[in-house]
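Listing of query-v7.txt, compact mmCIF, C-alpha atoms
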# COMPACT_ATOMS: atom_id res chain seq x y z
CA MET R 1 -20.03 71.86 27.26
CA LYS R 2 -23.29 70.26 26.11
CA ARG R 3 -23.55 72.75 23.25
CA ALA R 4 -20.04 71.89 22.08
CA ALA R 5 -20.88 68.18 22.22
CA VAL R 6 -24.04 68.72 20.14
CA ILE R 7 -22.11 70.75 17.53
CA LEU R 8 -19.36 68.14 17.35
CA SER R 9 -21.86 65.29 17.00
CA SER R 10 -23.71 67.17 14.26
CA ALA R 11 -20.46 67.81 12.38
CA LEU R 12 -19.49 64.14 12.59
CA LEU R 13 -22.89 63.03 11.30
CA GLN R 14 -22.81 65.49 8.41
CA SER R 15 -19.29 64.42 7.44
CA GLY R 16 -20.74 61.07 6.44
CA CYS R 17 -23.05 62.72 3.89
CA GLY R 18 -20.31 63.73 1.45
CA GLY R 19 -17.09 62.47 -0.05
CA VAL R 20 -16.20 60.21 -2.97
CA GLN R 21 -18.69 57.50 -1.98
CA SER R 22 -21.95 59.01 -0.78
CA ALA R 23 -25.47 58.75 -2.17
CA LEU R 24 -26.06 62.30 -0.90
CA ASN R 25 -23.14 63.64 -2.98
CA ALA R 26 -25.07 63.37 -6.23
CA GLN R 27 -23.02 64.30 -9.30
CA GLY R 28 -25.28 62.98 -12.04
CA PRO R 29 -28.98 62.76 -12.96
CA SER R 30 -29.44 59.15 -11.80
CA ALA R 31 -27.85 59.87 -8.44
CA ALA R 32 -29.87 63.10 -8.12
CA ALA R 33 -33.12 61.17 -8.64
CA LEU R 34 -32.15 58.69 -5.93
CA LYS R 35 -31.09 61.48 -3.58
CA ALA R 36 -34.45 63.21 -4.04
CA LEU R 37 -36.22 59.91 -3.32
CA ILE R 38 -34.19 59.43 -0.13
CA ILE R 39 -35.03 62.95 1.07
CA VAL R 40 -38.76 62.52 0.34
CA ILE R 41 -38.95 59.18 2.16
CA VAL R 42 -37.01 60.46 5.17
CA ALA R 43 -39.15 63.62 5.34
CA VAL R 44 -42.40 61.61 5.21
CA CYS R 45 -41.14 59.22 7.89
CA VAL R 46 -40.19 62.16 10.14
CA VAL R 47 -43.65 63.69 9.75
CA VAL R 48 -45.33 60.35 10.50
CA TRP R 49 -43.13 59.80 13.55
CA ILE R 50 -43.89 63.29 14.90
CA ALA R 51 -47.63 62.75 14.37
CA VAL R 52 -47.54 59.41 16.19
CA MET R 53 -45.59 60.92 19.09
CA ILE R 54 -48.11 63.78 19.39
CA VAL R 55 -51.03 61.37 19.52
CA LEU R 56 -49.21 59.17 22.03
CA VAL R 57 -48.34 62.05 24.35
CA ALA R 58 -51.89 63.45 24.11
CA ALA R 59 -53.31 60.05 25.04
CA LEU R 60 -51.00 59.74 28.03
CA LEU R 61 -51.74 63.24 29.32
CA ARG R 62 -55.49 63.14 28.74
CA ARG R 63 -57.59 62.74 31.84
CA ARG R 64 -59.43 59.49 32.02
CA ASP R 65 -63.14 59.89 31.52
CA ALA R 66 -65.15 57.94 34.03
CA ARG R 67 -67.69 57.10 31.41
CA ALA R 68 -66.92 54.45 28.83
CA VAL R 69 -66.08 55.75 25.38
CA PRO R 70 -68.51 54.46 22.73
CA ASP R 71 -67.08 52.07 20.17
CA HIS R 72 -68.06 54.28 17.24
CA VAL R 73 -65.94 57.09 18.70
CA LEU R 74 -62.88 54.81 18.94
CA HIS R 75 -63.37 53.69 15.36
CA ARG R 76 -62.86 57.18 13.97
CA PRO R 77 -59.15 57.64 14.79
CA VAL R 78 -58.47 54.05 13.76
CA MET R 79 -60.10 54.54 10.37
CA ALA R 80 -58.32 57.89 9.95
CA ALA R 81 -54.98 56.22 10.67
CA VAL R 82 -55.72 53.43 8.16
CA ALA R 83 -56.69 55.97 5.50
CA ALA R 84 -53.56 58.03 6.16
CA THR R 85 -51.41 54.90 5.88
CA VAL R 86 -52.93 54.00 2.53
CA VAL R 87 -52.38 57.53 1.21
CA VAL R 88 -48.77 57.67 2.41
CA VAL R 89 -47.85 54.24 1.03
CA ALA R 90 -49.52 55.00 -2.31
CA ALA R 91 -47.75 58.36 -2.58
CA LEU R 92 -44.35 56.82 -1.79
CA THR R 93 -45.02 54.07 -4.36
CA VAL R 94 -45.72 56.66 -7.06
CA VAL R 95 -42.63 58.69 -6.12
CA SER R 96 -40.45 55.55 -6.16
CA PHE R 97 -41.84 54.54 -9.55
CA GLN R 98 -41.05 57.95 -11.02
CA ALA R 99 -37.50 57.81 -9.64
CA THR R 100 -37.03 54.30 -11.05
CA ARG R 101 -38.13 55.43 -14.52
CA ARG R 102 -35.29 57.93 -14.54
CA LEU R 103 -32.84 55.05 -14.03
CA ALA R 104 -33.93 53.21 -17.19
CA PRO R 105 -30.99 52.40 -19.52
CA ASP R 106 -30.30 54.93 -22.25
CA GLU R 107 -29.44 53.30 -25.57
CA ASN R 108 -27.90 56.52 -26.95
CA ALA R 109 -24.72 56.32 -24.92
CA ALA R 110 -21.43 57.93 -25.93
CA VAL R 111 -19.34 55.26 -24.18
CA THR R 112 -20.07 51.55 -23.72
CA ILE R 113 -18.13 49.55 -21.14
CA ARG R 114 -18.50 45.84 -20.51
CA VAL R 115 -17.96 45.19 -16.81
CA ARG R 116 -16.99 41.71 -15.65
CA ALA R 117 -16.80 41.17 -11.89
CA GLN R 118 -14.48 38.57 -10.44
CA GLN R 119 -13.41 37.54 -6.97
CA TRP R 120 -12.26 40.16 -6.07
CA TRP R 121 -11.52 42.69 -8.81
CA TRP R 122 -13.15 44.40 -11.80
CA GLN R 123 -12.43 43.95 -15.50
CA PHE R 124 -13.48 46.80 -17.81
CA ASP R 125 -13.67 46.42 -21.59
CA TYR R 126 -14.15 49.64 -23.55
CA GLU R 127 -16.08 48.54 -26.63
CA ASP R 128 -15.88 50.06 -30.09
CA ALA R 129 -17.40 49.31 -33.49
CA ASP R 130 -13.82 48.79 -34.67
CA PRO R 131 -12.37 45.91 -32.59
CA ALA R 132 -8.88 47.34 -33.10
CA ARG R 133 -9.90 50.42 -31.10
CA ALA R 134 -11.30 48.47 -28.15
CA PHE R 135 -9.16 48.01 -25.06
CA ARG R 136 -9.24 46.49 -21.60
CA THR R 137 -8.32 47.84 -18.18
CA ALA R 138 -9.02 46.95 -14.56
CA ASN R 139 -10.33 48.51 -11.34
CA GLU R 140 -10.47 52.04 -12.76
CA ILE R 141 -12.96 53.66 -15.15
CA HIS R 142 -12.45 56.94 -16.96
CA VAL R 143 -15.55 58.67 -18.35
CA PRO R 144 -16.16 61.97 -20.17
CA VAL R 145 -18.07 64.64 -18.23
CA GLY R 146 -21.54 65.34 -19.55
CA LYS R 147 -21.72 62.17 -21.69
CA THR R 148 -23.93 59.15 -21.02
CA VAL R 149 -22.03 55.98 -20.18
CA ARG R 150 -23.59 52.56 -20.72
CA VAL R 151 -22.22 49.63 -18.74
CA THR R 152 -23.18 46.03 -19.44
CA LEU R 153 -22.74 43.89 -16.36
CA GLU R 154 -21.73 40.24 -16.03
CA SER R 155 -20.09 38.03 -13.43
CA ALA R 156 -17.47 35.33 -13.78
CA ASP R 157 -18.24 33.50 -10.54
CA VAL R 158 -20.81 34.64 -7.94
CA ILE R 159 -23.33 37.47 -7.63
CA HIS R 160 -21.70 40.88 -7.32
CA SER R 161 -23.22 44.37 -7.36
CA PHE R 162 -21.96 47.45 -9.22
CA TRP R 163 -22.48 50.60 -7.15
CA VAL R 164 -21.16 54.14 -7.60
CA PRO R 165 -23.43 56.05 -5.17
CA SER R 166 -22.42 59.52 -6.37
CA LEU R 167 -23.37 58.66 -9.97
CA ALA R 168 -25.92 55.83 -10.10
CA GLY R 169 -27.87 53.20 -8.22
CA LYS R 170 -26.94 49.58 -7.59
CA GLN R 171 -27.19 46.88 -10.23
CA ASP R 172 -26.39 43.20 -9.74
CA LEU R 173 -23.94 41.19 -11.82
CA ILE R 174 -25.30 37.65 -12.05
CA PRO R 175 -23.53 34.64 -13.61
CA GLY R 176 -25.14 33.72 -16.92
CA ARG R 177 -27.11 36.97 -17.18
CA HIS R 178 -26.38 40.41 -18.62
CA ASN R 179 -27.73 43.53 -16.90
CA VAL R 180 -27.41 47.11 -18.12
CA LEU R 181 -26.91 50.38 -16.26
CA THR R 182 -26.39 53.92 -17.57
CA PHE R 183 -25.11 56.98 -15.77
CA ARG R 184 -23.66 60.42 -16.44
CA ALA R 185 -21.15 62.49 -14.49
CA ASP R 186 -22.00 66.20 -14.58
CA ARG R 187 -18.79 67.37 -12.91
CA PRO R 188 -15.14 66.30 -13.08
CA GLY R 189 -14.01 64.30 -10.10
CA ILE R 190 -12.99 60.96 -8.67
CA TYR R 191 -15.87 58.81 -7.44
CA ARG R 192 -15.44 55.57 -5.55
CA GLY R 193 -17.38 52.48 -6.53
CA GLN R 194 -17.85 49.32 -4.52
CA CYS R 195 -19.24 45.82 -4.79
CA ALA R 196 -22.50 46.06 -2.83
CA GLU R 197 -23.39 42.35 -2.72
CA PHE R 198 -21.52 40.03 -0.35
CA CYS R 199 -19.37 37.92 -2.65
CA GLY R 200 -16.90 36.18 -0.37
CA LEU R 201 -14.00 36.72 1.98
CA GLN R 202 -12.63 39.89 0.34
CA HIS R 203 -15.96 41.50 -0.54
CA ALA R 204 -15.02 44.68 1.38
CA HIS R 205 -11.81 44.94 -0.67
CA MET R 206 -13.50 44.94 -4.07
CA ALA R 207 -13.57 48.62 -4.95
CA PHE R 208 -12.94 50.68 -8.07
CA LEU R 209 -12.65 54.32 -9.09
CA VAL R 210 -14.66 56.29 -11.64
CA ILE R 211 -12.63 59.25 -12.89
CA ALA R 212 -14.77 61.83 -14.66
CA GLU R 213 -12.74 64.07 -16.96
CA GLU R 214 -13.39 66.80 -19.46
CA PRO R 215 -13.86 65.27 -22.95
CA GLU R 216 -10.43 66.45 -24.15
CA ALA R 217 -8.64 64.82 -21.20
CA TYR R 218 -10.74 61.67 -21.61
CA ASP R 219 -9.82 61.40 -25.30
CA ARG R 220 -6.12 61.67 -24.42
CA TRP R 221 -6.52 58.89 -21.85
CA VAL R 222 -8.30 56.68 -24.39
CA GLN R 223 -5.52 57.14 -26.94
CA MET R 224 -2.95 56.20 -24.32
CA GLN R 225 -4.92 53.10 -23.29
CA ARG R 226 -5.22 51.91 -26.88
CA ALA R 227 -1.46 51.92 -27.26
CA GLY R 228 0.68 48.97 -26.28
CA ALA R 229 2.93 48.91 -23.24
CA VAL R 230 5.84 51.33 -23.19
CA GLU R 231 9.33 49.87 -23.36
CA PRO R 232 11.44 50.15 -20.19
CA GLU R 233 13.76 53.16 -20.16
CA ASN R 234 16.30 51.99 -17.58
CA PRO R 235 18.27 48.77 -17.03
CA GLU R 236 16.46 47.86 -13.80
CA ALA R 237 13.01 48.04 -15.39
CA SER R 238 14.29 46.23 -18.49
CA ALA R 239 15.55 43.42 -16.28
CA GLY R 240 12.17 43.43 -14.56
CA LYS R 241 10.46 42.84 -17.89
CA THR R 242 12.63 39.80 -18.45
CA VAL R 243 11.77 38.44 -15.00
CA PHE R 244 8.07 39.05 -15.62
CA MET R 245 8.11 37.20 -18.94
CA THR R 246 10.06 34.21 -17.67
CA ARG R 247 8.10 33.69 -14.44
CA GLN R 248 4.46 32.64 -13.92
CA CYS R 249 3.35 36.29 -14.20
CA ALA R 250 3.02 36.19 -18.00
CA ALA R 251 0.75 33.13 -17.80
CA CYS R 252 -1.92 35.03 -15.82
CA HIS R 253 -1.63 38.65 -17.00
CA THR R 254 -1.71 40.47 -20.32
CA ILE R 255 0.68 43.25 -21.25
CA ARG R 256 -0.20 44.31 -24.78
CA GLY R 257 2.78 44.53 -27.08
CA THR R 258 4.60 41.73 -25.26
CA GLN R 259 4.45 37.95 -25.06
CA ALA R 260 2.31 38.13 -21.89
CA THR R 261 -1.23 37.16 -22.93
CA GLY R 262 -2.73 35.62 -19.79
CA THR R 263 -6.37 36.29 -18.98
CA THR R 264 -6.72 34.97 -15.42
CA GLY R 265 -5.64 38.23 -13.78
CA PRO R 266 -6.06 41.93 -14.57
CA ASP R 267 -4.62 43.48 -17.73
CA LEU R 268 -1.39 45.23 -16.67
CA THR R 269 -0.61 47.09 -19.89
CA HIS R 270 -0.91 50.49 -18.19
CA VAL R 271 -1.00 49.46 -14.53
CA GLY R 272 1.54 52.12 -13.54
CA GLY R 273 -0.93 54.86 -14.47
CA ARG R 274 -3.68 53.66 -12.13
CA ARG R 275 -4.25 55.26 -8.74
CA THR R 276 -4.62 52.00 -6.80
CA ILE R 277 -3.78 48.32 -7.09
CA ALA R 278 -5.51 45.18 -5.81
CA ALA R 279 -8.99 46.66 -6.46
CA GLY R 280 -8.55 49.73 -4.32
CA LEU R 281 -6.69 48.02 -1.50
CA LEU R 282 -3.36 49.86 -1.86
CA GLU R 283 -2.19 53.18 -3.25
CA ASN R 284 -0.25 52.59 -6.44
CA THR R 285 3.37 53.13 -5.46
CA ARG R 286 6.46 51.08 -6.21
CA GLY R 287 6.58 49.94 -2.59
CA SER R 288 2.96 48.80 -2.70
CA ILE R 289 3.56 46.94 -5.95
CA ALA R 290 6.56 45.15 -4.45
CA ALA R 291 4.63 44.27 -1.28
CA TRP R 292 1.73 42.90 -3.31
CA ILE R 293 3.97 40.76 -5.52
CA ALA R 294 5.96 39.52 -2.52
CA ASP R 295 2.96 38.27 -0.51
CA PRO R 296 -0.52 38.84 -2.00
CA GLN R 297 -2.17 36.33 0.34
CA THR R 298 -1.20 38.23 3.47
CA LEU R 299 -2.54 41.51 2.08
CA LYS R 300 -5.71 40.01 0.57
CA PRO R 301 -6.28 36.46 1.86
CA GLY R 302 -8.09 34.13 -0.50
CA ASN R 303 -7.45 36.03 -3.74
CA ASN R 304 -6.43 34.05 -6.82
CA MET R 305 -2.93 35.48 -7.20
CA PRO R 306 -0.42 32.81 -6.17
CA LEU R 307 2.72 33.49 -4.20
CA VAL R 308 5.66 33.63 -6.62
CA PRO R 309 8.91 33.55 -4.60
CA LEU R 310 11.34 36.11 -5.99
CA PRO R 311 14.80 37.09 -4.77
CA ALA R 312 14.99 40.66 -3.48
CA GLU R 313 16.81 41.87 -6.58
CA GLU R 314 14.22 40.42 -8.96
CA LEU R 315 11.41 41.86 -6.83
CA ARG R 316 12.92 45.33 -7.17
CA GLN R 317 13.30 44.86 -10.90
CA VAL R 318 9.72 43.70 -11.46
CA SER R 319 8.30 46.52 -9.33
CA ALA R 320 10.32 49.02 -11.37
CA TYR R 321 8.90 47.54 -14.57
CA MET R 322 5.31 47.66 -13.25
CA GLU R 323 5.71 51.23 -12.07
CA GLY R 324 6.83 52.30 -15.54
CA LEU R 325 3.83 50.83 -17.38
CA LYS R 326 1.90 54.09 -17.84

Represent the structure of the file as structure tokens.
Amino acid sequence: MKRAAVILSSALLQSGCGGVQSALNAQGPSAAALKALIIVIVAVCVVVWIAVMIVLVAALLRRRDARAVPDHVLHRPVMAAVAATVVVVAALTVVSFQATRRLAPDENAAVTIRVRAQQWWWQFDYEDADPARAFRTANEIHVPVGKTVRVTLESADVIHSFWVPSLAGKQDLIPGRHNVLTFRADRPGIYRGQCAEFCGLQHAHMAFLVIAEEPEAYDRWVQMQRAGAVEPENPEASAGKTVFMTRQCAACHTIRGTQATGTTGPDLTHVGGRRTIAAGLLENTRGSIAAWIADPQTLKPGNNMPLVPLPAEELRQVSAYMEGLK
């Protein structure tokens, strides 16, 4: 019974070391450097702890000598411990410095993305030398496998922190300041990112996805994102477009190729093609879209999307329109 409990506990602990958001699931050089640093520090701490426990147990089990121990004898283990501490701290400092150097921004990046954090969602601008080829999306990044990605970081309100543990370390987004971070995904996959700096009521619900794709698939995605919104193909979605344009929605959101040019909320040009909505809060389904439009404050209290009362029929129409924007 005890053996089964130990095995189960070990399995549960190890399950936390992998997945789409784990610093131990390194899928790029920056994350690998941080993983190696974590392992070295943990290993050194384990060795130090074992050494301290051995000395402690030996002291407790040692027979007391009736004679007083001379001071110069007591000084030796103390000096040895001080020297060992200096060596260990110096070694860890050097190792940390070397790991940090590997995180330095790389100016020769294949993709440059300007990240703007807001309470509580992410705006991503894919930059290009030709402004006509640049585009904007939200809460989901696509990157080519094997290519260096450079992200410039800024905040619209408070301090946030950009963190994709499987690909890179943390970097703060500070109002009035621009920080830079580079990373590379070595394998295709979906990696979860998160705001790692407490930024208000919905800090825990400020996530995003990094989708690493083969270069050919990434290029197809880029071409699709550069295009304007697709026109509705059925009467219900077409009616939903009309509702969207005549309500407050168009004042806050942009849908390229339409009259909606708002900048307060996320760009919705291709929202139907994203995996989640509300910065990772809900899976992107028509039902989730309808629920979010119907009552965003219940699902994510304190967010900046106002409640727009819609009759049931109009709610179905708008959700159909949103679902079709791919």

TODO: Would you please work out which residue, of R:Gly146, R:Gly265, R:Gly272, R:Gly280, is nearest to Ala204 in chain R when using only C-alpha atoms?
DONE: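 Between R:Gly146, R:Gly265, R:Gly272, R:Gly280, the residue approaching Ala204 in chain R most closely is R:Gly280.
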
Open item on the list: Using Å and a single decimal, report how far CA of Leu181 in chain R sits from CA of Glu216 in chain R.
Closed with: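 Pair CA of Glu216 in chain R / CA of Leu181 in chain R returns 24.3 Å.
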
Task: Nearest to Pro235 in chain R, chosen from R:Gln171, R:Thr285, R:Gln259, R:Gln317, with only C-alpha atoms counted in the distances - done: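 Closest to Pro235 in chain R, using only C-alpha atoms: R:Gln317.
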
Using only C-alpha atoms, what table do you get, as a Markdown table, when you list each residue of range 74-154 of chain R with an atom no more than 12 Å from range 298-307 of chain R, its nearest pair of atoms, and their distance in Å rounded to one decimal, rows by chain then rising number?
| residue | atom | partner | partner_atom | distance |
| --- | --- | --- | --- | --- |
| R:Gln118 | CA | R:Asn304 | CA | 9.9 |
| R:Gln119 | CA | R:Asn303 | CA | 6.9 |
| R:Trp120 | CA | R:Asn303 | CA | 6.8 |
| R:Trp121 | CA | R:Asn303 | CA | 9.3 |

Taking C-alpha atoms for each residue, export the selection above as a PDB file, in the coordinates of the input.
ATOM      1  CA  GLN R 118     -14.480  38.570 -10.440  1.00  0.00           C
ATOM      2  CA  GLN R 119     -13.410  37.540  -6.970  1.00  0.00           C
ATOM      3  CA  TRP R 120     -12.260  40.160  -6.070  1.00  0.00           C
ATOM      4  CA  TRP R 121     -11.520  42.690  -8.810  1.00  0.00           C
TER       5      TRP R 121
END

Task: Nearest residue to Val78 in chain R from the set R:Ala32, R:Leu167, R:Val55, R:Val20 (distances using all atoms listed in the file) - done: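 With all atoms listed in the file as the atom set, the closest residue is R:Val55.
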
Open item on the list: List the spatial neighbours of Lys326 in chain R as a VMD selection string - criterion: any atom at most 7 Å away, all atoms listed in the file, same-chain residues fewer than 4 positions off excluded.
Closed with: chain R and resid 270 to 273

Shell of 7 Å around Ala320 in chain R, all atoms listed in the file, local chain residues under 6 positions omitted, as a PDB file with C-alpha atoms, in the frame of the given file:
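Ended up saving to selection.pdb:
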ATOM      1  CA  GLU R 236      16.460  47.860 -13.800  1.00  0.00           C
ATOM      2  CA  ALA R 237      13.010  48.040 -15.390  1.00  0.00           C
ATOM      3  CA  GLY R 240      12.170  43.430 -14.560  1.00  0.00           C
ATOM      4  CA  ARG R 286       6.460  51.080  -6.210  1.00  0.00           C
TER       5      ARG R 286
END

TODO: For range 128-136 of chain R, list every protein, DNA or RNA residue within 10 Å, evaluated using only C-alpha atoms, and leave out those in the same chain fewer than 4 positions away; present the list as a count of residues only.
DONE: 19
